[in-house]
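Colleague: Next up, input_39.cif (mmCIF, C-alpha atoms).
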```cif
data_work
#
loop_
_atom_site.label_atom_id
_atom_site.label_comp_id
_atom_site.auth_asym_id
_atom_site.auth_seq_id
_atom_site.Cartn_x
_atom_site.Cartn_y
_atom_site.Cartn_z
CA MET T 196 27.82 9.36 -45.02
CA LYS T 197 28.75 5.85 -43.92
CA TYR T 198 29.13 7.01 -40.29
CA LEU T 199 25.85 8.87 -40.40
CA THR T 200 24.02 5.77 -41.63
CA LEU T 201 25.66 3.62 -38.97
CA SER T 202 24.80 6.19 -36.30
CA VAL T 203 21.14 6.26 -37.35
CA LEU T 204 20.95 2.47 -37.37
CA PHE T 205 22.64 2.30 -33.97
CA LEU T 206 20.21 4.84 -32.48
CA ALA T 207 17.25 3.02 -34.01
CA PHE T 208 18.49 -0.27 -32.55
CA ILE T 209 18.92 1.25 -29.08
CA GLY T 210 15.49 2.87 -29.33
CA CYS T 211 13.89 -0.48 -30.16
CA ALA T 212 15.81 -2.23 -27.40
CA ASN T 213 14.57 0.32 -24.86
CA ASN T 214 10.99 0.01 -26.07
CA ASN T 215 11.13 -3.75 -25.64
CA ALA T 216 12.49 -3.43 -22.11
CA LYS T 217 9.81 -1.04 -20.84
CA PRO T 218 6.80 -3.36 -21.06
CA SER T 219 8.62 -6.09 -19.16
CA GLU T 220 9.65 -3.59 -16.46
CA ALA T 221 6.10 -2.34 -16.23
CA ALA T 222 4.81 -5.90 -16.02
CA GLN T 223 7.24 -6.65 -13.19
CA GLN T 224 6.15 -3.54 -11.28
CA SER T 225 2.47 -4.35 -11.70
CA GLU T 226 3.11 -7.90 -10.46
CA GLN T 227 4.87 -6.54 -7.38
CA LYS T 228 2.10 -4.02 -6.64
CA ALA T 229 -0.73 -6.39 -7.43
CA PRO T 230 -2.98 -6.84 -4.41
CA ALA T 231 -3.46 -10.20 -2.80
CA SER T 232 -6.23 -12.29 -4.27
CA ASP T 233 -9.72 -11.74 -2.88
CA GLN T 234 -9.50 -15.11 -1.14
CA GLN T 235 -6.63 -13.85 1.02
CA LEU T 236 -8.07 -10.42 1.85
CA GLN T 237 -10.31 -9.97 4.84
CA GLU T 238 -12.03 -6.81 6.00
CA VAL T 239 -12.61 -5.86 9.59
CA THR T 240 -14.14 -2.78 11.21
CA LEU T 241 -12.83 -1.86 14.64
CA LYS T 242 -14.24 0.69 17.09
CA ILE T 243 -11.60 2.99 18.57
CA GLU T 244 -11.81 5.03 21.79
CA GLY T 245 -9.47 7.89 22.62
CA MET T 246 -9.43 9.81 19.33
CA THR T 247 -9.83 13.54 19.94
CA CYS T 248 -9.29 15.01 16.47
CA PRO T 249 -9.59 13.95 12.83
CA HIS T 250 -6.36 15.51 11.56
CA GLY T 251 -4.05 14.18 14.24
CA CYS T 252 -5.45 11.07 15.87
CA ALA T 253 -7.42 9.54 13.02
CA ALA T 254 -4.79 10.46 10.43
CA THR T 255 -1.97 8.98 12.54
CA ILE T 256 -3.78 5.69 13.07
CA GLU T 257 -4.70 5.47 9.39
CA LYS T 258 -1.11 6.17 8.33
CA ASN T 259 0.26 3.54 10.72
CA LEU T 260 -2.20 0.95 9.46
CA ASN T 261 -1.52 1.72 5.79
CA ASN T 262 2.24 1.44 6.43
CA THR T 263 1.81 -2.01 7.96
CA GLU T 264 2.91 -4.85 5.67
CA GLY T 265 -0.10 -6.94 4.73
CA VAL T 266 -2.63 -4.10 4.93
CA ALA T 267 -4.20 -3.48 1.53
CA LYS T 268 -6.23 -0.46 2.62
CA ALA T 269 -7.19 1.21 5.86
CA LYS T 270 -9.64 4.04 6.42
CA VAL T 271 -10.18 5.65 9.82
CA ASP T 272 -13.41 7.61 10.28
CA PHE T 273 -13.20 10.10 13.13
CA ASP T 274 -16.95 10.79 13.19
CA THR T 275 -17.91 7.15 13.74
CA LYS T 276 -14.70 6.37 15.69
CA THR T 277 -14.03 3.32 13.51
CA ALA T 278 -11.26 1.89 11.37
CA THR T 279 -12.15 -0.25 8.36
CA ILE T 280 -9.19 -2.35 7.28
CA SER T 281 -8.66 -4.73 4.34
CA PHE T 282 -5.73 -6.99 5.08
CA ASP T 283 -4.01 -10.20 4.00
CA ALA T 284 -5.09 -12.82 6.54
CA HIS T 285 -2.02 -14.91 5.71
CA LYS T 286 0.27 -12.12 6.95
CA LEU T 287 -1.77 -10.44 9.70
CA SER T 288 -4.39 -11.20 12.29
CA LYS T 289 -7.07 -9.01 13.81
CA GLU T 290 -5.03 -8.96 17.01
CA SER T 291 -1.96 -7.62 15.18
CA LEU T 292 -4.07 -4.81 13.70
CA ILE T 293 -5.36 -3.96 17.18
CA SER T 294 -1.73 -3.80 18.37
CA VAL T 295 -0.88 -1.32 15.61
CA ILE T 296 -3.83 0.90 16.58
CA GLU T 297 -3.25 0.72 20.31
CA GLY T 298 0.50 1.22 19.82
CA SER T 299 0.00 4.46 17.90
CA ASN T 300 0.97 7.71 19.65
CA GLY T 301 3.08 6.08 22.31
CA GLY T 302 0.71 3.26 23.13
CA ASP T 303 -1.45 4.90 25.77
CA ALA T 304 -3.90 7.03 23.81
CA TYR T 305 -6.16 4.63 21.89
CA THR T 306 -8.15 1.55 22.80
CA VAL T 307 -9.99 -0.83 20.47
CA VAL T 308 -13.33 -1.82 22.01
CA PRO T 309 -15.79 -4.57 21.08
#
```
Would you mind writing the file's structure down as structure tokens?

Modeller:
Amino acid sequence: MKYLTLSVLFLAFIGCANNNAKPSEAAQQSEQKAPASDQQLQEVTLKIEGMTCPHGCAATIEKNLNNTEGVAKAKVDFDTKTATISFDAHKLSKESLISVIEGSNGGDAYTVVP
């Protein structure tokens, strides 16, 4: 009986310790994933020539932009031939975003135009 009581208390203690750890872990993860403040984010829309299909060209450019550090969100619209990008201006410039687009698919398929 003594061992059973100790086992229950031990399990209860571990259960409480784990419950206390989870919120702090979740808080750390939310801090890491938190977007940059609105003051740091800029949005730019760029016109792209050379896209021939929505599922290959547009999707590839969008994926490359979204995988770029400092890009909060990128959406490429094949119909309007544009990319709308929200990015951290402290980490990236408009020129660096253009380089990502024009460097997609080997670097000779897409051109950003004014």

Colleague: In file coordinates, which residues lie within 9 Å of (-8.0, 0.1, 6.7) using all atoms listed in the file, given as a ChimeraX atom specification?

Modeller: /T:238-240,257,260-261,266-271,278-282

Colleague: Spell out the residues picked by the PyMOL selection byres ((chain T and resi 306) around 12) here, as a list in words.

Modeller: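 Here the PyMOL selection byres ((chain T and resi 306) around 12) matches Leu241, Lys242, Ile243, Glu244, Gly245, Met246, Ile256, Lys276, Thr277, Ala278, Leu292, Ile293, Ser294, Val295, Ile296, Glu297, Gly298, Ser299, Asn300, Gly302, Asp303, Ala304, Tyr305, Val307, Val308 and Pro309 of chain T.
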
Colleague: Store the residues of this selection in a file with C-alpha atoms, as a compact mmCIF listing (two decimals), in the coordinates of the input.

Modeller:
```txt
# COMPACT_ATOMS: atom_id res chain seq x y z
CA LEU T 241 -12.83 -1.86 14.64
CA LYS T 242 -14.24 0.69 17.09
CA ILE T 243 -11.60 2.99 18.57
CA GLU T 244 -11.81 5.03 21.79
CA GLY T 245 -9.47 7.89 22.62
CA MET T 246 -9.43 9.81 19.33
CA ILE T 256 -3.78 5.69 13.07
CA LYS T 276 -14.70 6.37 15.69
CA THR T 277 -14.03 3.32 13.51
CA ALA T 278 -11.26 1.89 11.37
CA LEU T 292 -4.07 -4.81 13.70
CA ILE T 293 -5.36 -3.96 17.18
CA SER T 294 -1.73 -3.80 18.37
CA VAL T 295 -0.88 -1.32 15.61
CA ILE T 296 -3.83 0.90 16.58
CA GLU T 297 -3.25 0.72 20.31
CA GLY T 298 0.50 1.22 19.82
CA SER T 299 0.00 4.46 17.90
CA ASN T 300 0.97 7.71 19.65
CA GLY T 302 0.71 3.26 23.13
CA ASP T 303 -1.45 4.90 25.77
CA ALA T 304 -3.90 7.03 23.81
CA TYR T 305 -6.16 4.63 21.89
CA VAL T 307 -9.99 -0.83 20.47
CA VAL T 308 -13.33 -1.82 22.01
CA PRO T 309 -15.79 -4.57 21.08
```

Colleague: When you draw a straight line from atom CA of T:Ala284 to atom CA of T:Gly251, how long is it in Å?

Modeller: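 That distance, rounded to one decimal, is 28.1 Å.
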
Colleague: How far is it from atom CA of T:Phe273 to atom CA of T:Cys248, in Å with one decimal?

Modeller: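 Pair atom CA of T:Phe273 / atom CA of T:Cys248 returns 7.1 Å.
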
Colleague: Could you tell me how far atom CA of T:His285 lies from atom CA of T:Gly301, in Å and to one decimal?

Modeller: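 Computing the Euclidean distance for atom CA of T:His285 and atom CA of T:Gly301 yields 27.2 Å.
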